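J.: What follows is coords05.pdb, made up of PDB, C-alpha atoms:
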```pdb
MODEL        1
ATOM      1  CA  MET A   1      81.470  67.304  87.242
ATOM      2  CA  LYS A   2      82.919  70.799  86.914
ATOM      3  CA  LEU A   3      83.961  70.770  90.563
ATOM      4  CA  SER A   4      85.534  67.337  90.082
ATOM      5  CA  LYS A   5      87.521  68.564  87.064
ATOM      6  CA  ARG A   6      88.716  71.617  89.011
ATOM      7  CA  PHE A   7      89.701  69.459  91.962
ATOM      8  CA  TRP A   8      91.735  66.978  89.941
ATOM      9  CA  GLY A   9      93.220  69.785  87.879
ATOM     10  CA  PHE A  10      94.389  71.426  91.104
ATOM     11  CA  ILE A  11      95.831  68.133  92.409
ATOM     12  CA  ILE A  12      97.746  67.499  89.176
ATOM     13  CA  ALA A  13      99.100  71.074  89.125
ATOM     14  CA  ALA A  14     100.130  70.751  92.786
ATOM     15  CA  LEU A  15     101.954  67.463  92.128
ATOM     16  CA  VAL A  16     103.808  68.983  89.172
ATOM     17  CA  ILE A  17     104.860  72.059  91.186
ATOM     18  CA  TYR A  18     105.978  69.902  94.103
ATOM     19  CA  ALA A  19     107.960  67.516  91.905
ATOM     20  CA  VAL A  20     109.715  70.315  89.983
ATOM     21  CA  VAL A  21     110.714  72.220  93.130
ATOM     22  CA  GLN A  22     111.780  69.029  94.931
ATOM     23  CA  VAL A  23     114.056  68.066  92.034
ATOM     24  CA  LEU A  24     115.563  71.575  92.002
ATOM     25  CA  ILE A  25     116.212  71.401  95.761
ATOM     26  CA  THR A  26     117.635  67.860  95.610
ATOM     27  CA  THR A  27     120.018  68.682  92.756
ATOM     28  CA  GLY A  28     121.169  71.855  94.489
ATOM     29  CA  THR A  29     119.861  74.146  91.750
ATOM     30  CA  LEU A  30     117.886  76.033  94.406
ATOM     31  CA  ASN A  31     120.160  77.196  97.213
ATOM     32  CA  PRO A  32     118.939  77.307 100.857
ATOM     33  CA  PHE A  33     117.921  80.974 100.530
ATOM     34  CA  TYR A  34     115.483  80.318  97.693
ATOM     35  CA  SER A  35     114.146  77.074  99.153
ATOM     36  CA  ASN A  36     113.541  78.865 102.459
ATOM     37  CA  THR A  37     111.741  81.631 100.551
ATOM     38  CA  LEU A  38     109.435  79.020  98.994
ATOM     39  CA  ILE A  39     108.681  77.587 102.441
ATOM     40  CA  PHE A  40     107.938  81.075 103.768
ATOM     41  CA  ILE A  41     105.608  81.673 100.801
ATOM     42  CA  CYS A  42     103.698  78.481 101.696
ATOM     43  CA  ILE A  43     103.353  79.597 105.324
ATOM     44  CA  ASN A  44     102.119  83.060 104.333
ATOM     45  CA  ILE A  45      99.614  81.604 101.862
ATOM     46  CA  MET A  46      98.239  79.391 104.641
ATOM     47  CA  LEU A  47      97.858  82.434 106.899
ATOM     48  CA  ALA A  48      96.239  84.470 104.116
ATOM     49  CA  VAL A  49      93.796  81.721 103.123
ATOM     50  CA  SER A  50      92.811  80.980 106.735
ATOM     51  CA  LEU A  51      92.118  84.675 107.405
ATOM     52  CA  HIS A  52      90.320  84.898 104.045
ATOM     53  CA  LEU A  53      87.747  82.458 105.423
ATOM     54  CA  VAL A  54      87.066  84.738 108.407
ATOM     55  CA  ILE A  55      87.123  88.135 106.678
ATOM     56  CA  GLY A  56      86.494  87.482 103.002
ATOM     57  CA  ILE A  57      83.864  84.744 103.286
ATOM     58  CA  THR A  58      82.168  85.343 106.645
ATOM     59  CA  GLY A  59      82.720  89.098 106.755
ATOM     60  CA  GLN A  60      84.120  89.271 110.297
ATOM     61  CA  PHE A  61      86.855  91.901 110.638
ATOM     62  CA  SER A  62      89.512  90.126 112.705
ATOM     63  CA  ILE A  63      93.019  91.519 113.210
ATOM     64  CA  GLY A  64      94.243  89.046 115.802
ATOM     65  CA  HIS A  65      95.487  86.265 113.538
ATOM     66  CA  ALA A  66      99.027  86.605 114.883
ATOM     67  CA  GLY A  67      97.719  85.286 118.211
ATOM     68  CA  PHE A  68      96.763  81.949 116.639
ATOM     69  CA  LEU A  69     100.091  81.919 114.784
ATOM     70  CA  ALA A  70     101.899  82.391 118.121
ATOM     71  CA  LEU A  71      99.922  79.632 119.834
ATOM     72  CA  GLY A  72     100.690  77.175 117.043
ATOM     73  CA  ALA A  73     104.356  78.190 117.017
ATOM     74  CA  TYR A  74     104.952  77.882 120.758
ATOM     75  CA  LEU A  75     102.837  74.768 121.364
ATOM     76  CA  SER A  76     104.451  72.893 118.489
ATOM     77  CA  ALA A  77     107.893  73.982 119.740
ATOM     78  CA  ILE A  78     107.054  72.680 123.227
ATOM     79  CA  VAL A  79     105.958  69.325 121.776
ATOM     80  CA  THR A  80     109.191  68.853 119.803
ATOM     81  CA  MET A  81     111.762  70.533 122.053
ATOM     82  CA  LYS A  82     110.424  69.804 125.550
ATOM     83  CA  LEU A  83     108.429  66.598 125.060
ATOM     84  CA  HIS A  84     110.565  65.245 122.180
ATOM     85  CA  LEU A  85     107.575  64.052 120.173
ATOM     86  CA  PRO A  86     107.326  63.834 116.343
ATOM     87  CA  PHE A  87     107.060  66.986 114.257
ATOM     88  CA  ILE A  88     103.787  65.972 112.586
ATOM     89  CA  LEU A  89     102.175  65.503 116.003
ATOM     90  CA  ALA A  90     103.509  68.922 117.006
ATOM     91  CA  LEU A  91     101.812  70.545 113.995
ATOM     92  CA  ILE A  92      98.508  68.867 114.831
ATOM     93  CA  VAL A  93      98.742  69.886 118.495
ATOM     94  CA  GLY A  94      99.525  73.472 117.500
ATOM     95  CA  GLY A  95      96.505  73.540 115.185
ATOM     96  CA  ILE A  96      94.148  72.013 117.765
ATOM     97  CA  VAL A  97      95.236  74.384 120.549
ATOM     98  CA  ALA A  98      94.828  77.376 118.213
ATOM     99  CA  ALA A  99      91.382  76.115 117.172
ATOM    100  CA  PHE A 100      90.373  75.710 120.831
ATOM    101  CA  ALA A 101      91.554  79.262 121.512
ATOM    102  CA  GLY A 102      89.544  80.385 118.482
ATOM    103  CA  LEU A 103      86.479  78.739 119.989
ATOM    104  CA  ILE A 104      86.973  80.367 123.406
ATOM    105  CA  VAL A 105      87.609  83.792 121.880
ATOM    106  CA  GLY A 106      85.048  83.445 119.120
ATOM    107  CA  ILE A 107      81.952  82.647 121.185
ATOM    108  CA  PRO A 108      81.912  85.944 123.139
ATOM    109  CA  THR A 109      83.656  88.264 120.670
ATOM    110  CA  LEU A 110      81.833  87.280 117.472
ATOM    111  CA  ARG A 111      78.650  88.731 118.908
ATOM    112  CA  LEU A 112      80.380  92.061 118.303
ATOM    113  CA  ARG A 113      80.569  93.748 114.913
ATOM    114  CA  GLY A 114      82.840  96.055 112.953
ATOM    115  CA  ASP A 115      85.412  98.066 114.885
ATOM    116  CA  TYR A 116      84.495  96.482 118.217
ATOM    117  CA  LEU A 117      85.260  92.994 116.885
ATOM    118  CA  ALA A 118      88.569  94.209 115.424
ATOM    119  CA  ILE A 119      89.612  95.732 118.764
ATOM    120  CA  ALA A 120      88.608  92.571 120.660
ATOM    121  CA  THR A 121      90.598  90.247 118.384
ATOM    122  CA  LEU A 122      93.609  92.582 118.466
ATOM    123  CA  GLY A 123      93.439  92.544 122.256
ATOM    124  CA  PHE A 124      93.390  88.733 122.237
ATOM    125  CA  ALA A 125      96.541  88.590 120.086
ATOM    126  CA  GLU A 126      98.357  91.003 122.400
ATOM    127  CA  ILE A 127      97.310  88.975 125.477
ATOM    128  CA  ILE A 128      98.770  85.816 123.918
ATOM    129  CA  ARG A 129     102.019  87.614 123.094
ATOM    130  CA  ILE A 130     102.360  89.033 126.620
ATOM    131  CA  ILE A 131     101.638  85.629 128.188
ATOM    132  CA  PHE A 132     104.507  84.016 126.264
ATOM    133  CA  LEU A 133     106.658  87.043 127.042
ATOM    134  CA  ASN A 134     106.358  86.264 130.757
ATOM    135  CA  ILE A 135     106.654  82.476 130.745
ATOM    136  CA  GLU A 136     110.215  81.347 131.486
ATOM    137  CA  TYR A 137     109.397  77.783 130.409
ATOM    138  CA  VAL A 138     109.422  78.976 126.787
ATOM    139  CA  GLY A 139     112.302  81.428 127.217
ATOM    140  CA  GLY A 140     110.328  84.582 127.976
ATOM    141  CA  ALA A 141     111.549  87.685 126.184
ATOM    142  CA  ALA A 142     114.800  85.974 125.155
ATOM    143  CA  GLY A 143     112.864  83.499 123.041
ATOM    144  CA  MET A 144     112.872  79.733 122.621
ATOM    145  CA  GLN A 145     115.389  77.743 120.630
ATOM    146  CA  VAL A 146     113.813  75.426 118.056
ATOM    147  CA  LYS A 147     115.249  72.801 115.728
ATOM    148  CA  HIS A 148     114.902  73.390 111.998
ATOM    149  CA  MET A 149     112.383  70.701 110.991
ATOM    150  CA  THR A 150     110.219  72.453 108.409
ATOM    151  CA  THR A 151     110.939  71.191 104.908
ATOM    152  CA  TRP A 152     109.513  71.969 101.484
ATOM    153  CA  THR A 153     107.509  68.733 101.657
ATOM    154  CA  TYR A 154     105.882  69.526 105.006
ATOM    155  CA  ALA A 155     105.119  73.106 103.982
ATOM    156  CA  PHE A 156     103.693  72.265 100.565
ATOM    157  CA  ILE A 157     101.515  69.356 101.766
ATOM    158  CA  SER A 158     100.132  71.530 104.585
ATOM    159  CA  LEU A 159      99.391  74.292 102.062
ATOM    160  CA  VAL A 160      97.569  71.952  99.651
ATOM    161  CA  ILE A 161      95.449  70.488 102.477
ATOM    162  CA  THR A 162      94.599  74.009 103.709
ATOM    163  CA  ILE A 163      93.476  75.203 100.270
ATOM    164  CA  ILE A 164      91.432  72.041  99.575
ATOM    165  CA  ILE A 165      89.578  72.110 102.906
ATOM    166  CA  ILE A 166      88.847  75.849 102.901
ATOM    167  CA  SER A 167      87.846  75.798  99.217
ATOM    168  CA  ASN A 168      85.497  72.841  99.770
ATOM    169  CA  PHE A 169      84.059  74.495 102.872
ATOM    170  CA  THR A 170      83.423  77.700 100.911
ATOM    171  CA  ASN A 171      81.618  75.795  98.129
ATOM    172  CA  SER A 172      79.497  73.778 100.567
ATOM    173  CA  ARG A 173      76.164  74.781 102.090
ATOM    174  CA  HIS A 174      78.080  75.887 105.184
ATOM    175  CA  GLY A 175      80.172  78.210 103.053
ATOM    176  CA  ARG A 176      77.057  79.631 101.385
ATOM    177  CA  ALA A 177      75.634  80.289 104.845
ATOM    178  CA  CYS A 178      78.824  82.182 105.755
ATOM    179  CA  ILE A 179      78.579  84.214 102.535
ATOM    180  CA  ALA A 180      74.958  85.029 103.368
ATOM    181  CA  ILE A 181      76.106  86.310 106.763
ATOM    182  CA  ARG A 182      78.744  88.434 105.050
ATOM    183  CA  GLU A 183      76.220  89.988 102.674
ATOM    184  CA  ASP A 184      73.476  90.695 105.226
ATOM    185  CA  GLU A 185      73.634  89.204 108.704
ATOM    186  CA  ILE A 186      70.137  90.356 109.693
ATOM    187  CA  ALA A 187      68.565  88.822 106.586
ATOM    188  CA  ALA A 188      70.549  85.594 107.082
ATOM    189  CA  ASP A 189      69.324  85.374 110.670
ATOM    190  CA  ALA A 190      65.747  85.989 109.517
ATOM    191  CA  MET A 191      66.063  83.116 107.042
ATOM    192  CA  GLY A 192      66.928  80.716 109.857
ATOM    193  CA  ILE A 193      70.724  80.645 109.562
ATOM    194  CA  ASN A 194      72.416  80.263 112.927
ATOM    195  CA  THR A 195      74.730  83.229 112.445
ATOM    196  CA  THR A 196      76.699  82.821 115.686
ATOM    197  CA  TYR A 197      77.369  79.133 114.952
ATOM    198  CA  TYR A 198      78.703  79.766 111.454
ATOM    199  CA  LYS A 199      80.796  82.760 112.494
ATOM    200  CA  VAL A 200      82.416  80.730 115.283
ATOM    201  CA  LEU A 201      82.868  77.730 112.948
ATOM    202  CA  ALA A 202      84.706  79.838 110.358
ATOM    203  CA  PHE A 203      86.772  81.425 113.131
ATOM    204  CA  VAL A 204      87.779  78.012 114.522
ATOM    205  CA  ILE A 205      88.723  76.594 111.111
ATOM    206  CA  GLY A 206      90.769  79.695 110.316
ATOM    207  CA  ALA A 207      92.497  79.499 113.708
ATOM    208  CA  PHE A 208      93.291  75.799 113.211
ATOM    209  CA  PHE A 209      95.190  76.357 109.975
ATOM    210  CA  ALA A 210      96.872  79.464 111.386
ATOM    211  CA  GLY A 211      98.102  77.247 114.248
ATOM    212  CA  ILE A 212      99.557  74.709 111.814
ATOM    213  CA  ALA A 213     101.216  77.570 109.929
ATOM    214  CA  GLY A 214     102.634  78.667 113.286
ATOM    215  CA  GLY A 215     104.197  75.241 113.793
ATOM    216  CA  LEU A 216     105.827  75.415 110.371
ATOM    217  CA  TYR A 217     106.933  78.999 111.075
ATOM    218  CA  ALA A 218     108.536  78.092 114.413
ATOM    219  CA  HIS A 219     110.500  75.157 112.997
ATOM    220  CA  ASN A 220     111.658  77.125 109.970
ATOM    221  CA  PHE A 221     113.872  79.258 112.211
ATOM    222  CA  TYR A 222     116.200  78.438 115.079
ATOM    223  CA  ILE A 223     114.552  80.732 117.612
ATOM    224  CA  ILE A 224     111.090  82.192 118.164
ATOM    225  CA  GLN A 225     110.442  85.310 120.226
ATOM    226  CA  PRO A 226     107.207  86.996 121.379
ATOM    227  CA  GLN A 227     107.989  90.165 119.392
ATOM    228  CA  ASN A 228     107.677  88.122 116.196
ATOM    229  CA  PHE A 229     103.934  87.918 116.834
ATOM    230  CA  GLY A 230     103.035  91.537 117.547
ATOM    231  CA  PHE A 231     100.120  93.438 116.058
ATOM    232  CA  LEU A 232     102.211  94.333 112.980
ATOM    233  CA  LYS A 233     102.247  90.626 112.079
ATOM    234  CA  SER A 234      98.434  90.588 112.194
ATOM    235  CA  PHE A 235      98.359  93.589 109.878
ATOM    236  CA  ASP A 236     100.777  91.874 107.482
ATOM    237  CA  ILE A 237      98.363  88.936 107.197
ATOM    238  CA  LEU A 238      95.411  91.312 106.843
ATOM    239  CA  ILE A 239      97.174  93.077 103.952
ATOM    240  CA  PHE A 240      97.417  89.757 102.081
ATOM    241  CA  VAL A 241      93.642  89.357 102.192
ATOM    242  CA  VAL A 242      92.708  92.976 101.457
ATOM    243  CA  LEU A 243      95.185  93.346  98.592
ATOM    244  CA  GLY A 244      94.091  90.080  96.995
ATOM    245  CA  GLY A 245      90.416  90.942  97.202
ATOM    246  CA  LEU A 246      87.901  90.266  99.956
ATOM    247  CA  GLY A 247      86.106  87.075  98.995
ATOM    248  CA  SER A 248      88.737  85.718  96.596
ATOM    249  CA  LEU A 249      90.858  82.768  97.686
ATOM    250  CA  SER A 250      92.944  83.087  94.511
ATOM    251  CA  GLY A 251      93.543  86.759  95.283
ATOM    252  CA  SER A 252      94.809  85.916  98.770
ATOM    253  CA  VAL A 253      97.220  83.364  97.300
ATOM    254  CA  ILE A 254      98.531  85.778  94.642
ATOM    255  CA  SER A 255      98.989  88.707  97.040
ATOM    256  CA  ALA A 256     100.718  86.468  99.624
ATOM    257  CA  ILE A 257     103.198  85.326  96.962
ATOM    258  CA  LEU A 258     103.872  88.847  95.663
ATOM    259  CA  LEU A 259     104.251  90.520  99.057
ATOM    260  CA  THR A 260     106.400  87.701 100.451
ATOM    261  CA  LEU A 261     108.786  88.065  97.513
ATOM    262  CA  VAL A 262     108.903  91.840  97.961
ATOM    263  CA  SER A 263     109.467  91.488 101.710
ATOM    264  CA  THR A 264     112.191  88.846 101.242
ATOM    265  CA  PHE A 265     114.233  90.679  98.649
ATOM    266  CA  LEU A 266     113.935  94.002 100.462
ATOM    267  CA  GLN A 267     114.649  92.668 103.963
ATOM    268  CA  GLU A 268     117.965  94.539 104.033
ATOM    269  CA  TYR A 269     116.046  97.774 103.454
ATOM    270  CA  PRO A 270     113.145  97.686 105.953
ATOM    271  CA  GLU A 271     112.315 101.371 105.488
ATOM    272  CA  THR A 272     112.077 100.961 101.698
ATOM    273  CA  ARG A 273     109.897  97.899 102.146
ATOM    274  CA  MET A 274     107.411  99.715 104.385
ATOM    275  CA  ILE A 275     107.278 102.668 101.970
ATOM    276  CA  LEU A 276     106.623 100.279  99.076
ATOM    277  CA  TYR A 277     103.898  98.507 101.080
ATOM    278  CA  SER A 278     102.240 101.834 101.809
ATOM    279  CA  VAL A 279     102.415 103.011  98.185
ATOM    280  CA  VAL A 280     100.960  99.732  96.917
ATOM    281  CA  LEU A 281      98.068  99.875  99.398
ATOM    282  CA  ILE A 282      97.300 103.509  98.550
ATOM    283  CA  LEU A 283      97.270 102.740  94.818
ATOM    284  CA  VAL A 284      95.036  99.717  95.339
ATOM    285  CA  MET A 285      92.588 101.663  97.487
ATOM    286  CA  LEU A 286      92.451 104.484  94.914
ATOM    287  CA  TYR A 287      92.301 102.560  91.659
ATOM    288  CA  ARG A 288      91.071  99.098  92.620
ATOM    289  CA  PRO A 289      89.396  99.182  96.056
ATOM    290  CA  GLN A 290      87.972  95.682  95.522
ATOM    291  CA  GLY A 291      91.522  94.242  95.470
ATOM    292  CA  LEU A 292      93.455  92.462  92.740
ATOM    293  CA  MET A 293      90.814  89.776  92.114
ATOM    294  CA  GLY A 294      87.730  91.292  93.753
ATOM    295  CA  THR A 295      85.466  88.326  94.552
ATOM    296  CA  LYS A 296      86.518  86.357  91.466
ATOM    297  CA  GLU A 297      88.675  83.253  91.331
ATOM    298  CA  ILE A 298      91.248  82.340  88.696
ATOM    299  CA  THR A 299      88.921  79.638  87.365
ATOM    300  CA  ASP A 300      86.211  82.271  86.792
ATOM    301  CA  VAL A 301      88.640  84.481  84.865
ATOM    302  CA  VAL A 302      89.760  81.538  82.708
ATOM    303  CA  ALA A 303      86.139  80.540  82.034
ATOM    304  CA  ASN A 304      85.276  84.120  80.982
ATOM    305  CA  LEU A 305      88.245  84.246  78.616
ATOM    306  CA  ARG A 306      87.217  80.954  77.031
ATOM    307  CA  SER A 307      83.626  82.121  76.552
ATOM    308  CA  LYS A 308      84.811  85.349  74.931
ATOM    309  CA  ARG A 309      87.037  83.400  72.540
ATOM    310  CA  ARG A 310      84.122  81.166  71.574
ATOM    311  CA  GLU A 311      81.908  84.173  70.942
ATOM    312  CA  ALA A 312      84.632  85.836  68.855
ATOM    313  CA  SER A 313      85.170  82.718  66.768
TER     314      SER A 313
ENDMDL
END
```
Could you write out this structure as structure tokens?
T.:
Amino acid sequence: MKLSKRFWGFIIAALVIYAVVQVLITTGTLNPFYSNTLIFICINIMLAVSLHLVIGITGQFSIGHAGFLALGAYLSAIVTMKLHLPFILALIVGGIVAAFAGLIVGIPTLRLRGDYLAIATLGFAEIIRIIFLNIEYVGGAAGMQVKHMTTWTYAFISLVITIIIISNFTNSRHGRACIAIREDEIAADAMGINTTYYKVLAFVIGAFFAGIAGGLYAHNFYIIQPQNFGFLKSFDILIFVVLGGLGSLSGSVISAILLTLVSTFLQEYPETRMILYSVVLILVMLYRPQGLMGTKEITDVVANLRSKRREAS
């Protein structure tokens, strides 16, 4: 019952947010700059939440998420620009190809742990970037021209679906198995949990939604280039998850919103932005190493506040 109330509460809140923003865009109250910022926030939240499943829930330190973003971006661009197929189909193709790549990469690499896994996933992302850099079919180093097809509606619906599926997965028995792996992989294996299966499953799901985010990302601009998907992009996504709190989906959402706004409004001052990023991370590591939300969700915070009010009254 509680889960049902949370679910419908989330759906109602999402519908209200969508309707308000859509009215503001339609009436021209929000200019293209702000509407594009909202779309970019949706894309970054999708990336943060998908990586949250891999790092925060399953405990696998991956820093190659930009590789899945690149696959989704380029494959969806090929579907729309070269094959002239619908945009929705392009998003699905981008997600499926990224998920398949996640499966191929995940099976061998997820047997590794810690720093070795991080290096392996980073190497995968760089391989993907270099492959696209040397393929003339997609423009090579010069990049590939793409039509602007991403709208607020596409971005917001994709975001809502991503949050619902990953949240439901986390609260299912599969999600509890992933959390058990995060807490103690040896103990989880001893209790009969197929650790390799669940690590690969989380990796594939995360890659799928990163691929869809890549499709939205590609069609939100007029050109995509391999340098857009370098290792710094993977670290940007990683910062969303670490700053929000490892294990907190709400934290990933909040940090993605905050850092996207900071990055957008300071894009004319890249040096200042990087300094601010560094200062924020240092302060978080010193004074709140568990991140903004730790492992808590917004619903947990609200429930605690309500219980305290009842006790006080």
J.: Pull out every residue that the PyMOL selection byres ((chain A and resi 216) around 12) matches in the shown coordinates and put them as a PDB file with C-alpha atoms, keeping the file's coordinate frame.
T.:
```pdb
ATOM      1  CA  ASN A  36     113.541  78.865 102.459  1.00  0.00           C
ATOM      2  CA  ILE A  39     108.681  77.587 102.441  1.00  0.00           C
ATOM      3  CA  PHE A  40     107.938  81.075 103.768  1.00  0.00           C
ATOM      4  CA  ILE A  41     105.608  81.673 100.801  1.00  0.00           C
ATOM      5  CA  CYS A  42     103.698  78.481 101.696  1.00  0.00           C
ATOM      6  CA  ILE A  43     103.353  79.597 105.324  1.00  0.00           C
ATOM      7  CA  ASN A  44     102.119  83.060 104.333  1.00  0.00           C
ATOM      8  CA  MET A  46      98.239  79.391 104.641  1.00  0.00           C
ATOM      9  CA  LEU A  47      97.858  82.434 106.899  1.00  0.00           C
ATOM     10  CA  LEU A  69     100.091  81.919 114.784  1.00  0.00           C
ATOM     11  CA  ALA A  70     101.899  82.391 118.121  1.00  0.00           C
ATOM     12  CA  LEU A  71      99.922  79.632 119.834  1.00  0.00           C
ATOM     13  CA  GLY A  72     100.690  77.175 117.043  1.00  0.00           C
ATOM     14  CA  ALA A  73     104.356  78.190 117.017  1.00  0.00           C
ATOM     15  CA  TYR A  74     104.952  77.882 120.758  1.00  0.00           C
ATOM     16  CA  LEU A  75     102.837  74.768 121.364  1.00  0.00           C
ATOM     17  CA  SER A  76     104.451  72.893 118.489  1.00  0.00           C
ATOM     18  CA  ALA A  77     107.893  73.982 119.740  1.00  0.00           C
ATOM     19  CA  THR A  80     109.191  68.853 119.803  1.00  0.00           C
ATOM     20  CA  PHE A  87     107.060  66.986 114.257  1.00  0.00           C
ATOM     21  CA  ILE A  88     103.787  65.972 112.586  1.00  0.00           C
ATOM     22  CA  LEU A  89     102.175  65.503 116.003  1.00  0.00           C
ATOM     23  CA  ALA A  90     103.509  68.922 117.006  1.00  0.00           C
ATOM     24  CA  LEU A  91     101.812  70.545 113.995  1.00  0.00           C
ATOM     25  CA  ILE A  92      98.508  68.867 114.831  1.00  0.00           C
ATOM     26  CA  GLY A  94      99.525  73.472 117.500  1.00  0.00           C
ATOM     27  CA  GLY A  95      96.505  73.540 115.185  1.00  0.00           C
ATOM     28  CA  VAL A 146     113.813  75.426 118.056  1.00  0.00           C
ATOM     29  CA  LYS A 147     115.249  72.801 115.728  1.00  0.00           C
ATOM     30  CA  HIS A 148     114.902  73.390 111.998  1.00  0.00           C
ATOM     31  CA  MET A 149     112.383  70.701 110.991  1.00  0.00           C
ATOM     32  CA  THR A 150     110.219  72.453 108.409  1.00  0.00           C
ATOM     33  CA  THR A 151     110.939  71.191 104.908  1.00  0.00           C
ATOM     34  CA  TRP A 152     109.513  71.969 101.484  1.00  0.00           C
ATOM     35  CA  THR A 153     107.509  68.733 101.657  1.00  0.00           C
ATOM     36  CA  TYR A 154     105.882  69.526 105.006  1.00  0.00           C
ATOM     37  CA  ALA A 155     105.119  73.106 103.982  1.00  0.00           C
ATOM     38  CA  PHE A 156     103.693  72.265 100.565  1.00  0.00           C
ATOM     39  CA  ILE A 157     101.515  69.356 101.766  1.00  0.00           C
ATOM     40  CA  SER A 158     100.132  71.530 104.585  1.00  0.00           C
ATOM     41  CA  LEU A 159      99.391  74.292 102.062  1.00  0.00           C
ATOM     42  CA  PHE A 209      95.190  76.357 109.975  1.00  0.00           C
ATOM     43  CA  ALA A 210      96.872  79.464 111.386  1.00  0.00           C
ATOM     44  CA  GLY A 211      98.102  77.247 114.248  1.00  0.00           C
ATOM     45  CA  ILE A 212      99.557  74.709 111.814  1.00  0.00           C
ATOM     46  CA  ALA A 213     101.216  77.570 109.929  1.00  0.00           C
ATOM     47  CA  GLY A 214     102.634  78.667 113.286  1.00  0.00           C
ATOM     48  CA  GLY A 215     104.197  75.241 113.793  1.00  0.00           C
ATOM     49  CA  TYR A 217     106.933  78.999 111.075  1.00  0.00           C
ATOM     50  CA  ALA A 218     108.536  78.092 114.413  1.00  0.00           C
ATOM     51  CA  HIS A 219     110.500  75.157 112.997  1.00  0.00           C
ATOM     52  CA  ASN A 220     111.658  77.125 109.970  1.00  0.00           C
ATOM     53  CA  PHE A 221     113.872  79.258 112.211  1.00  0.00           C
ATOM     54  CA  TYR A 222     116.200  78.438 115.079  1.00  0.00           C
ATOM     55  CA  ILE A 224     111.090  82.192 118.164  1.00  0.00           C
TER      56      ILE A 224
END
```
J.: Enumerate, as a PyMOL selection string, the residues matched when the PyMOL selection byres ((chain A and resi 120) around 12) is run on the file above.
T.: chain A and resi 60-65+67+105-119+121-127
J.: Can you pull out every residue within 9 Å of Gly247 (chain A), counting only C-alpha atoms, but drop anything in the same chain fewer than 5 positions away, and send it as an mmCIF file with C-alpha atoms, in the coordinates of the input?
T.:
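See around_21.cif below for the written result:
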```cif
data_model
loop_
_atom_site.group_PDB
_atom_site.id
_atom_site.type_symbol
_atom_site.label_atom_id
_atom_site.label_comp_id
_atom_site.auth_asym_id
_atom_site.auth_seq_id
_atom_site.Cartn_x
_atom_site.Cartn_y
_atom_site.Cartn_z
ATOM 1 C CA HIS A 52 90.320 84.898 104.045
ATOM 2 C CA LEU A 53 87.747 82.458 105.423
ATOM 3 C CA ILE A 55 87.123 88.135 106.678
ATOM 4 C CA GLY A 56 86.494 87.482 103.002
ATOM 5 C CA ILE A 57 83.864 84.744 103.286
ATOM 6 C CA THR A 58 82.168 85.343 106.645
ATOM 7 C CA GLY A 59 82.720 89.098 106.755
ATOM 8 C CA ILE A 179 78.579 84.214 102.535
ATOM 9 C CA VAL A 241 93.642 89.357 102.192
ATOM 10 C CA SER A 252 94.809 85.916 98.770
ATOM 11 C CA MET A 293 90.814 89.776 92.114
ATOM 12 C CA GLY A 294 87.730 91.292 93.753
ATOM 13 C CA THR A 295 85.466 88.326 94.552
ATOM 14 C CA LYS A 296 86.518 86.357 91.466
ATOM 15 C CA GLU A 297 88.675 83.253 91.331
#
```
J.: Using the chain letters and residue numbers of this document, give as a list in words the residues selected by the PyMOL selection byres ((chain A and resi 169-178) around 7).
T.: Ile57, Thr58, Ile165, Ile166, Ser167, Asn168, Ile179, Ala180, Ile181, Arg182, Ile193 and Tyr198 of chain A
J.: Tell me which of A:Val242, A:Met81, A:Leu232, A:Met285 sits closest to Tyr137 (chain A), counting all atoms listed in the file.
T.: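 When distances to Tyr137 (chain A) are compared using all atoms listed in the file, the smallest one comes from A:Met81.
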J.: If we draw a sphere of 8 Å around (97.5, 91.6, 96.9), which residues have at least one atom in it when counting only C-alpha atoms? Please report them as a ChimeraX atom specification.
T.: /A:239-245,251-252,254-256,258-259,291-292
J.: Box time for region 224-232 of chain A: axis-aligned, enclosing all its listed atoms, 5 Å extra on each side; report centre and edge lengths in Å to one decimal, as lines of an AutoDock Vina configuration file.
T.:
```
center_x = 105.6
center_y = 88.3
center_z = 117.2
size_x = 21.0
size_y = 22.1
size_z = 18.4
```
J.: With all atoms listed in the file as the basis for distance, which of A:Leu246, A:Leu276, A:Ala303, A:Val97 is at the shortest distance from Arg288 (chain A)?
T.: A:Leu246
J.: Can you tell me how far CA of Leu238 (chain A) sits from CA of Ile45 (chain A), in Å to one decimal?
T.: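 Computing the Euclidean distance for CA of Leu238 (chain A) and CA of Ile45 (chain A) yields 11.7 Å.
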J.: Would you mind reading off the distance between CA of Phe229 (chain A) and CA of Phe132 (chain A), one decimal, in Å?
T.: 10.2 Å
J.: Point out the residue among A:Leu24, A:Ala99, A:Ala312, A:Leu38 with the least atom-to-atom distance to Thr264 (chain A), counting only C-alpha atoms.
T.: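 Answer, going by the shortest atom-to-atom distance: A:Leu38.
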J.: Quick one: pull the distance between CA of His84 (chain A) and CA of Ile135 (chain A), Å, one decimal.
T.: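 One can read the CA of His84 (chain A) to CA of Ile135 (chain A) distance as 19.6 Å.
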J.: Which residues, written as a list in words, have at least one atom at most 8 Å from Pro226 (chain A), with all atoms listed in the file counted and residues fewer than 5 positions away on the same chain left out?
T.: Ala70, Arg129, Ile130, Phe132, Leu133, Gly140, Ala141 and Gly143 of chain A
J.: Out of A:Leu83, A:Val16, A:Ala66, A:Ile25, which residue has the shortest atom-to-atom distance to Ile237 (chain A) when counting all atoms listed in the file?
T.: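 Distance minimum relative to Ile237 (chain A) lands on A:Ala66.
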